[in-house]
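K.L.:
What follows is a structure written as structure tokens; I'll ask about it next.
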Amino acid sequence: MSTHLKTYHPYVSPFDPCKPILEKKYSTPPHLYMGFQPPNLPQFTPVEALKAGTLWKDFYDTWYSPYEKPNRGGHQS
Amino acid sequence: MKQMPAEYYQLMEQLQAVDFVLVELTLYLDTHDDDLEAVKQFNHYVKERKRIKKAFESQYGPLQQFGNSYSDFPWNWNDSPWPWQV
């Protein structure tokens with residue numbers, strides 16, 4: 001259920017005034033890995049679904065930025 | 001100062017949650033038109049929404065206009081709180 005974190009390495013120029021960021025991370029949603037949605041996936045209750053932003057548990061994506069410290073529970077990066 | 005009771009917000013949240021489920025199921029059923037379970041669930045929540053709407057409107061007046069809701073007497077669909085004031 002964890003969000004799939006991907007990384008890429010930006011180009012660092014010799015004239016770059018600031019400290020170079022060598023690796024940057026980004027989270028990808030679960031939709032990318034599912035293709036056509038199978039029927040009868042496990043669901044949230046309506047109120048939970050409202051908070052989660054989706055009806056099906058498999059599509060829930062906490063979408064935390066990796067640089068943000070996890071302040072809310074259920075943070076899976 | 002007119003204050004809405006807590007139940008007003010509870011009913012509103014239930015309505016919002018059921019509406020969200022209906023939106024999700026509609027989008028799902030657009031691409032899965034042969035999924036009987038989902039259609040049954042959809043109809044269940046349509047019935048549920050009508051029940052919540054009836055309960056809400058009997059106490060707090062119409063939710064929508066132009067024939068989407070019955071009207072009380074006197075004509076009060078434009079009373080506060082408006083959606084952005086809730």
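Note on naming: chains are A, B, ... as they come in the structure tokens, residues start from 1 per chain, ligands start from 1 in the order shown.
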Which residues are close to stretch 54-60 of chain A, i.e. within 9 Å by only C-alpha atoms, leaving aside same-chain residues fewer than 6 positions away? Reply as a PyMOL selection string.

P.N.:
(chain A and resi 1+3+29-31+34+41-46+48) or (chain B and resi 20-21+24-25)

K.L.:
Store the residues picked out above, limited to C-alpha atoms, as a PDB file, in the first residue's frame.

P.N.:
```
ATOM      1  CA  MET A   1       0.000   0.000   0.000  1.00  0.00           C
ATOM      2  CA  THR A   3       3.324   5.028  -2.355  1.00  0.00           C
ATOM      3  CA  PRO A  29       0.099   7.241  -7.410  1.00  0.00           C
ATOM      4  CA  PRO A  30      -1.067   3.612  -7.204  1.00  0.00           C
ATOM      5  CA  HIS A  31      -3.234   4.124 -10.315  1.00  0.00           C
ATOM      6  CA  MET A  34      -3.111  -1.046 -11.628  1.00  0.00           C
ATOM      7  CA  LEU A  41     -11.954  -4.085  -4.513  1.00  0.00           C
ATOM      8  CA  PRO A  42     -12.050  -3.441  -0.747  1.00  0.00           C
ATOM      9  CA  GLN A  43     -13.698  -0.089  -0.007  1.00  0.00           C
ATOM     10  CA  PHE A  44     -13.669   2.623   2.669  1.00  0.00           C
ATOM     11  CA  THR A  45     -16.820   3.620   4.529  1.00  0.00           C
ATOM     12  CA  PRO A  46     -18.462   6.745   2.989  1.00  0.00           C
ATOM     13  CA  GLU A  48     -13.621   7.613   5.413  1.00  0.00           C
TER      14      GLU A  48
ATOM     15  CA  PHE B  20     -18.960  11.364  -2.917  1.00  0.00           C
ATOM     16  CA  VAL B  21     -19.633   7.619  -3.011  1.00  0.00           C
ATOM     17  CA  GLU B  24     -17.034   7.513  -7.417  1.00  0.00           C
ATOM     18  CA  LEU B  25     -19.444   4.738  -8.322  1.00  0.00           C
TER      19      LEU B  25
END
```

K.L.:
With a distance threshold of 9 Å and counting only C-alpha atoms, extract the residues of chain B near chain A and express them as a PDB file with C-alpha atoms, in the first residue's frame.

P.N.:
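Below is the file out.pdb, written as the result:
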```pdb
ATOM      1  CA  GLU B  13     -21.631  15.609   6.228  1.00  0.00           C
ATOM      2  CA  GLN B  14     -23.571  12.380   5.708  1.00  0.00           C
ATOM      3  CA  GLN B  16     -21.616  14.915   1.376  1.00  0.00           C
ATOM      4  CA  ALA B  17     -20.154  11.454   2.053  1.00  0.00           C
ATOM      5  CA  VAL B  18     -22.973   9.685   0.207  1.00  0.00           C
ATOM      6  CA  ASP B  19     -22.668  12.130  -2.680  1.00  0.00           C
ATOM      7  CA  PHE B  20     -18.960  11.364  -2.917  1.00  0.00           C
ATOM      8  CA  VAL B  21     -19.633   7.619  -3.011  1.00  0.00           C
ATOM      9  CA  GLU B  24     -17.034   7.513  -7.417  1.00  0.00           C
ATOM     10  CA  LEU B  25     -19.444   4.738  -8.322  1.00  0.00           C
ATOM     11  CA  TYR B  28     -16.476   3.440 -11.959  1.00  0.00           C
ATOM     12  CA  HIS B  32     -17.545  -1.246 -15.762  1.00  0.00           C
ATOM     13  CA  ASP B  35     -20.527  -4.989 -12.552  1.00  0.00           C
ATOM     14  CA  GLU B  37     -22.310  -5.561  -7.277  1.00  0.00           C
ATOM     15  CA  ALA B  38     -21.431  -1.956  -8.049  1.00  0.00           C
TER      16      ALA B  38
END
```

K.L.:
Hey, what's within 8 Å of B:Trp77 if we count only C-alpha atoms and toss same-chain stuff fewer than 6 positions away? As a compact mmCIF listing (two decimals) with N, CA and C atoms, in the first residue's frame, please?

P.N.:
```txt
# COMPACT_ATOMS: atom_id res chain seq x y z
N GLY B 61 -35.19 23.11 5.56
CA GLY B 61 -35.55 23.81 4.34
C GLY B 61 -34.90 23.19 3.12
N PRO B 62 -35.28 23.68 1.94
CA PRO B 62 -34.84 23.05 0.69
C PRO B 62 -33.33 23.16 0.48
N LEU B 63 -32.79 22.12 -0.18
CA LEU B 63 -31.35 22.11 -0.48
C LEU B 63 -31.11 22.75 -1.85
N GLN B 64 -32.02 22.46 -2.79
CA GLN B 64 -31.81 22.99 -4.14
C GLN B 64 -33.09 23.67 -4.61
N GLN B 65 -32.99 24.31 -5.78
CA GLN B 65 -34.14 25.09 -6.23
C GLN B 65 -34.58 24.57 -7.59
N SER B 71 -40.83 23.02 -1.41
CA SER B 71 -40.63 24.28 -0.71
C SER B 71 -41.46 24.30 0.56
```

K.L.:
Would you mind writing down, as a PyMOL selection string, each residue of chain A that DSSP on the backbone assigns to strand (DSSP E)?

P.N.:
chain A and resi 4-8+24-28

K.L.:
Can you tell me how far atom CA of A:Ile21 sits from atom CA of A:Tyr67, in Å to one decimal?

P.N.:
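Atom CA of A:Ile21 sits 12.7 Å away from atom CA of A:Tyr67.
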